$ cat structure-v1.cif   # mmCIF, C-alpha atoms
data_protein
loop_
_atom_site.label_atom_id
_atom_site.label_comp_id
_atom_site.auth_asym_id
_atom_site.auth_seq_id
_atom_site.Cartn_x
_atom_site.Cartn_y
_atom_site.Cartn_z
CA MET A 1 0.00 0.00 0.00
CA GLU A 2 1.65 3.20 -1.24
CA GLN A 3 0.49 5.37 1.67
CA LEU A 4 2.39 3.22 4.18
CA ASP A 5 5.72 3.93 2.51
CA LYS A 6 5.44 7.64 3.31
CA ILE A 7 5.93 6.91 7.02
CA ASP A 8 9.40 6.83 8.55
CA TRP A 9 8.82 3.57 10.46
CA GLU A 10 12.45 2.86 11.32
CA LYS A 11 12.91 6.14 13.21
CA MET A 12 10.28 5.08 15.79
CA ASP A 13 11.07 1.34 16.00
CA ASN A 14 8.08 0.59 13.75
CA LEU A 15 5.61 2.34 16.08
CA ILE A 16 4.41 5.89 15.41
CA PRO A 17 2.38 8.19 17.70
CA VAL A 18 -1.15 9.00 16.56
CA ILE A 19 -3.15 11.99 17.76
CA THR A 20 -6.89 11.50 17.36
CA GLN A 21 -9.17 14.51 17.00
CA ASP A 22 -12.93 14.94 16.74
CA ALA A 23 -13.59 16.00 13.15
CA ASN A 24 -16.55 18.17 14.13
CA THR A 25 -15.27 19.99 17.23
CA ASN A 26 -11.48 19.65 16.77
CA GLU A 27 -11.27 18.40 20.36
CA VAL A 28 -8.23 16.19 20.94
CA LEU A 29 -9.60 12.82 22.02
CA MET A 30 -6.58 10.61 22.65
CA LEU A 31 -3.03 9.68 21.76
CA ALA A 32 -2.14 6.12 20.78
CA TYR A 33 0.32 4.24 18.56
CA MET A 34 0.19 2.41 15.25
CA ASN A 35 2.42 -0.09 13.55
CA LYS A 36 2.28 -0.65 9.80
CA GLU A 37 -0.42 -3.33 10.04
CA ALA A 38 -2.65 -1.15 12.24
CA LEU A 39 -2.40 1.73 9.77
CA GLU A 40 -3.14 -0.60 6.88
CA LEU A 41 -6.27 -1.88 8.65
CA THR A 42 -7.31 1.70 9.43
CA ILE A 43 -7.04 2.69 5.76
CA LYS A 44 -8.78 -0.46 4.49
CA THR A 45 -11.70 -0.48 6.93
CA ASN A 46 -12.04 3.29 7.46
CA TYR A 47 -12.11 2.70 11.23
CA ALA A 48 -9.26 3.43 13.62
CA HIS A 49 -6.98 0.54 14.60
CA TYR A 50 -4.05 0.96 16.97
CA PHE A 51 -1.20 -1.10 18.39
CA SER A 52 -1.36 -1.45 22.16
CA ARG A 53 2.06 -1.54 23.80
CA SER A 54 0.65 -2.96 27.04
CA ARG A 55 -1.45 -5.63 25.29
CA GLN A 56 1.18 -6.19 22.60
CA ARG A 57 -1.44 -6.55 19.88
CA ILE A 58 -3.48 -4.58 17.37
CA TRP A 59 -6.89 -3.43 18.58
CA LYS A 60 -9.79 -1.83 16.82
CA LYS A 61 -10.97 1.20 18.76
CA GLY A 62 -14.38 0.30 20.16
CA GLU A 63 -13.96 -3.47 19.77
CA SER A 64 -15.22 -3.97 23.35
CA SER A 65 -17.29 -0.84 23.94
CA ASN A 66 -18.58 -0.29 20.38
CA HIS A 67 -17.35 3.32 20.71
CA LEU A 68 -15.91 3.25 17.20
CA GLN A 69 -13.87 5.92 15.43
CA GLU A 70 -14.86 6.42 11.79
CA ILE A 71 -12.04 7.98 9.80
CA VAL A 72 -12.70 11.34 8.15
CA GLU A 73 -9.11 12.26 7.35
CA ILE A 74 -5.57 10.99 8.03
CA LEU A 75 -2.81 13.60 8.11
CA VAL A 76 0.93 12.99 8.41
CA ASP A 77 3.30 15.55 9.96
CA CYS A 78 6.29 17.25 8.30
CA ASP A 79 8.75 14.62 9.58
CA ASN A 80 6.61 11.70 8.39
CA ASP A 81 6.67 10.11 11.84
CA THR A 82 3.39 11.22 13.49
CA LEU A 83 -0.21 10.93 12.35
CA LEU A 84 -3.28 13.02 13.06
CA LEU A 85 -6.60 11.21 12.69
CA LYS A 86 -9.77 13.24 12.29
CA VAL A 87 -12.67 10.98 13.22
CA ASN A 88 -16.37 10.75 13.83
CA GLN A 89 -16.39 9.44 17.39
CA GLU A 90 -19.24 7.12 18.32
CA GLY A 91 -19.79 7.32 22.07
CA VAL A 92 -16.69 8.33 24.02
CA ALA A 93 -12.97 7.99 23.36
CA CYS A 94 -11.68 7.39 26.90
CA HIS A 95 -11.95 4.09 28.79
CA THR A 96 -13.08 6.12 31.84
CA GLY A 97 -16.28 7.04 30.00
CA ARG A 98 -15.22 10.60 29.23
CA LYS A 99 -15.27 12.13 25.75
CA SER A 100 -11.51 12.79 25.77
CA CYS A 101 -8.58 11.12 27.53
CA PHE A 102 -7.28 14.59 28.43
CA TYR A 103 -9.41 15.54 31.41
CA THR A 104 -7.01 16.28 34.30
CA ASN A 105 -5.36 19.67 34.91
CA LEU A 106 -1.70 18.86 35.62
CA LYS A 107 -1.10 21.83 37.94
CA THR A 108 -4.25 21.66 40.04
CA ASN A 109 -5.19 17.99 39.55
CA GLU A 110 -8.72 19.25 38.77
CA ILE A 111 -10.96 16.96 36.71
CA ILE A 112 -12.28 19.18 33.93
CA SER A 113 -14.80 16.83 32.30
CA ASP A 114 -17.45 14.47 33.63
CA VAL A 115 -17.98 10.78 32.97
CA GLU A 116 -20.59 10.45 30.22
CA VAL A 117 -20.81 6.66 29.95
CA ASN A 118 -20.39 3.87 32.52
CA THR A 119 -17.83 1.71 30.72
CA THR A 120 -17.43 -1.05 33.33
CA ALA A 121 -19.92 -3.35 31.60
CA ALA A 122 -18.29 -2.77 28.20
CA TYR A 123 -14.70 -3.36 29.27
CA GLY A 124 -15.32 -5.78 32.12
CA VAL A 125 -14.40 -5.32 35.76
CA ILE A 126 -10.88 -6.76 35.39
CA ASP A 127 -9.81 -4.32 32.66
CA THR A 128 -11.53 -1.42 34.42
CA LEU A 129 -9.81 -2.26 37.70
CA TYR A 130 -6.44 -2.59 35.96
CA HIS A 131 -6.77 0.88 34.41
CA THR A 132 -7.79 2.30 37.80
CA ILE A 133 -4.71 0.71 39.39
CA CYS A 134 -2.50 2.25 36.69
CA GLU A 135 -4.00 5.67 37.46
CA ARG A 136 -2.96 5.28 41.13
CA LYS A 137 0.77 4.97 40.32
CA ASN A 138 1.55 8.64 40.91
CA GLU A 139 -1.00 9.38 43.64
CA ASN A 140 -0.23 10.14 47.28
CA SER A 141 0.78 6.82 48.84
CA THR A 142 -0.43 7.91 52.29
CA LYS A 143 -3.99 8.12 50.96
CA SER A 144 -4.03 5.24 48.48
CA TYR A 145 -3.23 1.61 49.38
CA THR A 146 -2.69 0.84 45.70
CA ALA A 147 -0.20 3.70 45.33
CA LYS A 148 1.58 2.50 48.48
CA LEU A 149 2.00 -0.98 46.97
CA LEU A 150 3.21 0.39 43.62
CA GLN A 151 5.60 2.94 45.11
CA GLY A 152 6.98 0.70 47.85
CA LYS A 153 9.54 -2.07 47.69
CA GLN A 154 8.77 -4.80 45.16
CA ASN A 155 9.24 -7.55 47.76
CA SER A 156 6.48 -6.04 49.92
CA MET A 157 4.06 -6.13 46.99
CA LEU A 158 5.00 -9.71 46.10
CA LYS A 159 4.65 -10.85 49.72
CA LYS A 160 1.04 -9.69 49.56
CA VAL A 161 0.43 -11.90 46.50
CA VAL A 162 1.87 -14.90 48.37
CA GLU A 163 -0.06 -14.02 51.53
CA GLU A 164 -3.39 -13.74 49.71
CA ALA A 165 -2.73 -16.99 47.84
CA GLY A 166 -2.15 -18.72 51.17
CA GLU A 167 -5.39 -17.34 52.62
CA PHE A 168 -7.24 -18.51 49.50
CA THR A 169 -5.91 -22.05 49.89
CA PHE A 170 -7.00 -22.14 53.55
CA ALA A 171 -10.48 -20.94 52.53
CA ILE A 172 -10.67 -23.79 49.99
CA LYS A 173 -9.45 -26.26 52.62
CA ASP A 174 -12.08 -25.01 55.10
CA ASN A 175 -14.79 -25.22 52.41
CA ASN A 176 -15.92 -21.69 53.30
CA GLU A 177 -17.66 -20.42 50.17
CA GLU A 178 -17.88 -16.79 51.27
CA GLU A 179 -14.21 -16.71 52.23
CA ILE A 180 -13.20 -18.47 48.99
CA ILE A 181 -14.83 -15.72 46.93
CA TYR A 182 -13.43 -12.95 49.14
CA GLU A 183 -9.86 -14.30 49.08
CA ALA A 184 -10.03 -15.00 45.32
CA ALA A 185 -10.94 -11.33 44.81
CA ASP A 186 -7.97 -10.33 46.99
CA ILE A 187 -5.61 -12.46 44.89
CA ALA A 188 -6.99 -11.03 41.66
CA TYR A 189 -6.50 -7.47 42.91
CA HIS A 190 -2.91 -8.01 44.09
CA VAL A 191 -1.98 -9.86 40.89
CA LEU A 192 -3.33 -6.91 38.87
CA VAL A 193 -1.22 -4.53 40.96
CA ALA A 194 1.86 -6.66 40.23
CA LEU A 195 1.01 -6.68 36.51
CA ALA A 196 0.52 -2.91 36.54
CA SER A 197 3.93 -2.45 38.15
CA LYS A 198 5.40 -4.08 35.03
CA ASN A 199 2.96 -2.37 32.61
CA ILE A 200 1.55 -5.74 31.52
CA SER A 201 -2.11 -5.61 30.59
CA PRO A 202 -4.37 -8.47 31.76
CA ASP A 203 -5.33 -8.74 28.10
CA ARG A 204 -1.99 -10.46 27.54
CA VAL A 205 -2.90 -13.06 30.17
CA LYS A 206 -6.19 -13.61 28.34
CA GLN A 207 -4.25 -14.05 25.09
CA GLU A 208 -2.04 -16.67 26.74
CA LEU A 209 -5.07 -18.55 28.10
CA ALA A 210 -6.66 -18.42 24.63
CA ARG A 211 -3.45 -19.86 23.16
CA ARG A 212 -3.76 -22.86 25.46
CA PHE A 213 -7.29 -23.82 24.37
CA GLY A 214 -7.26 -27.24 22.78
CA MET A 215 -3.81 -27.97 24.20
CA SER A 216 -3.26 -30.47 27.00
CA GLY A 217 -1.39 -29.37 30.11
CA ILE A 218 1.45 -31.74 29.22
CA GLU A 219 1.71 -30.28 25.72
CA GLU A 220 1.74 -26.74 27.11
CA LYS A 221 4.53 -27.50 29.59
CA ASN A 222 6.60 -29.24 26.91
CA SER A 223 6.17 -26.27 24.56
CA ARG A 224 7.62 -23.99 27.23
CA LYS A 225 10.63 -26.26 27.73
CA GLU A 226 11.29 -26.34 23.99
CA SER A 227 11.19 -22.56 23.70
#
$ encode --input "structure-v1.cif" --output "structure tokens"
Amino acid sequence: MEQLDKIDWEKMDNLIPVITQDANTNEVLMLAYMNKEALELTIKTNYAHYFSRSRQRIWKKGESSNHLQEIVEILVDCDNDTLLLKVNQEGVACHTGRKSCFYTNLKTNEIISDVEVNTTAAYGVIDTLYHTICERKNENSTKSYTAKLLQGKQNSMLKKVVEEAGEFTFAIKDNNEEEIIYEAADIAYHVLVALASKNISPDRVKQELARRFGMSGIEEKNSRKES
């Protein structure tokens, strides 16, 4: 595709930043990244596709929420290494349910736009929780337990994962259904914190589980040894 050759892919390690703007209001909605395949899909389908660095895969904007971005125009900058998408935004652009991802005043920490859509059902509680955990990374650790875990020593965070796993096993042993559910939720939360500390999206765990479908446990373990 001739358009792809205009981009200086090598300068940016085959990923280029993409600014996305509402075609009607000119409001900046988000910033994401594209590789060559994502741009090719965007041009072919006329809907925005990006490459997620945390998920390590291409994603179509709105694939979970149906908040799609229909392409109106694609502009390339003077250095051929950044794109500007002008789109018709269906629904909202931000996973928080706001129209734009740019909603926090850096100096005052003031939230300048309201949530328009409850996105928990669309994205699922795990992904929503993961994004919330990521947002806590730079918060005051005296007020946020999540920030305290992320900003503290790694061993302290990992000890909590082991501790919660132990409590879960005791709940199973005691056949206490309420405690089993409670402790499983605790494990899930602390595992998500650990993943967030390494910027690994839970989507990548889902991809790995999907890879294992139709494969026996023995096959899966042998495949890891071979690699």
$ resolve_selection --input "structure-v1.cif" --expression "the PyMOL selection byres ((chain A and resi 194) around 9)" --output "PDB file with C-alpha atoms, in the frame of the given file"
ATOM      1  CA  LEU A 149       2.000  -0.980  46.970  1.00  0.00           C
ATOM      2  CA  LEU A 150       3.210   0.390  43.620  1.00  0.00           C
ATOM      3  CA  GLN A 154       8.770  -4.800  45.160  1.00  0.00           C
ATOM      4  CA  MET A 157       4.060  -6.130  46.990  1.00  0.00           C
ATOM      5  CA  LEU A 158       5.000  -9.710  46.100  1.00  0.00           C
ATOM      6  CA  VAL A 161       0.430 -11.900  46.500  1.00  0.00           C
ATOM      7  CA  TYR A 189      -6.500  -7.470  42.910  1.00  0.00           C
ATOM      8  CA  HIS A 190      -2.910  -8.010  44.090  1.00  0.00           C
ATOM      9  CA  VAL A 191      -1.980  -9.860  40.890  1.00  0.00           C
ATOM     10  CA  LEU A 192      -3.330  -6.910  38.870  1.00  0.00           C
ATOM     11  CA  VAL A 193      -1.220  -4.530  40.960  1.00  0.00           C
ATOM     12  CA  LEU A 195       1.010  -6.680  36.510  1.00  0.00           C
ATOM     13  CA  ALA A 196       0.520  -2.910  36.540  1.00  0.00           C
ATOM     14  CA  SER A 197       3.930  -2.450  38.150  1.00  0.00           C
ATOM     15  CA  LYS A 198       5.400  -4.080  35.030  1.00  0.00           C
ATOM     16  CA  ASN A 199       2.960  -2.370  32.610  1.00  0.00           C
ATOM     17  CA  ILE A 200       1.550  -5.740  31.520  1.00  0.00           C
TER      18      ILE A 200
END
$ closest_residue --input "structure-v1.cif" --among "A:Thr20, A:Val125, A:Tyr33, A:Leu209" --to "A:Leu75" --atoms "all atoms listed in the file"
A:Thr20
$ residues_around --input "structure-v1.cif" --residues "A:Met1" --least-positions-apart "5" --cutoff "10 Å" --atoms "all atoms listed in the file" --output "JSON, numbers by chain"
{"A": [6, 40, 43, 44]}
$ write_last_selection --input "structure-v1.cif" --atoms "C-alpha atoms" --output "PDB file, keeping the file's coordinate frame"
ATOM      1  CA  LYS A   6       5.440   7.640   3.310  1.00  0.00           C
ATOM      2  CA  GLU A  40      -3.140  -0.600   6.880  1.00  0.00           C
ATOM      3  CA  ILE A  43      -7.040   2.690   5.760  1.00  0.00           C
ATOM      4  CA  LYS A  44      -8.780  -0.460   4.490  1.00  0.00           C
TER       5      LYS A  44
END
$ resolve_selection --input "structure-v1.cif" --expression "the PyMOL selection byres ((chain A and resi 56) around 12)" --output "PyMOL selection string"
chain A and resi 15+33-35+50-55+57-59+199-208
$ residues_near_point --input "structure-v1.cif" --point "(4.3, 7.7, 40.8)" --cutoff "9 Å" --atoms "only C-alpha atoms" --output "ChimeraX atom specification"
/A:136-141,147,150-151
$ atom_distance --input "structure-v1.cif" --atom1 "atom CA of A:Val76" --atom2 "atom CA of A:Asp8"
10.5 Å
$ atom_distance --input "structure-v1.cif" --atom1 "atom CA of A:Asn109" --atom2 "atom CA of A:Lys143"
15.1 Å
$ closest_residue --input "structure-v1.cif" --among "A:Leu4, A:Thr25, A:His131, A:Asp13" --to "A:Ala38" --atoms "all atoms listed in the file"
A:Leu4
$ closest_atom_pairs --input "structure-v1.cif" --of "stretch 119-163 of chain A" --to "stretch 83-100 of chain A" --cutoff "8 Å" --atoms "only C-alpha atoms" --output "JSON lines"
{"residue": "A:Thr119", "atom": "CA", "partner": "A:Gly97", "partner_atom": "CA", "distance": 5.6}
{"residue": "A:Tyr123", "atom": "CA", "partner": "A:His95", "partner_atom": "CA", "distance": 8.0}
{"residue": "A:Thr128", "atom": "CA", "partner": "A:His95", "partner_atom": "CA", "distance": 7.9}
$ atom_distance --input "structure-v1.cif" --atom1 "atom CA of A:Asn66" --atom2 "atom CA of A:Asp81"
28.6 Å
$ residues_around --input "structure-v1.cif" --residues "A:Ala48" --least-positions-apart "3" --cutoff "8 Å" --atoms "all atoms listed in the file" --output "count of residues only"
8
$ closest_residue --input "structure-v1.cif" --among "A:Thr82, A:Gln3, A:Ser64, A:Asn46" --to "A:Ala32" --atoms "all atoms listed in the file"
A:Thr82
$ closest_residue --input "structure-v1.cif" --among "A:Tyr47, A:Tyr103, A:Tyr130, A:Trp9" --to "A:Asn80" --atoms "all atoms listed in the file"
A:Trp9
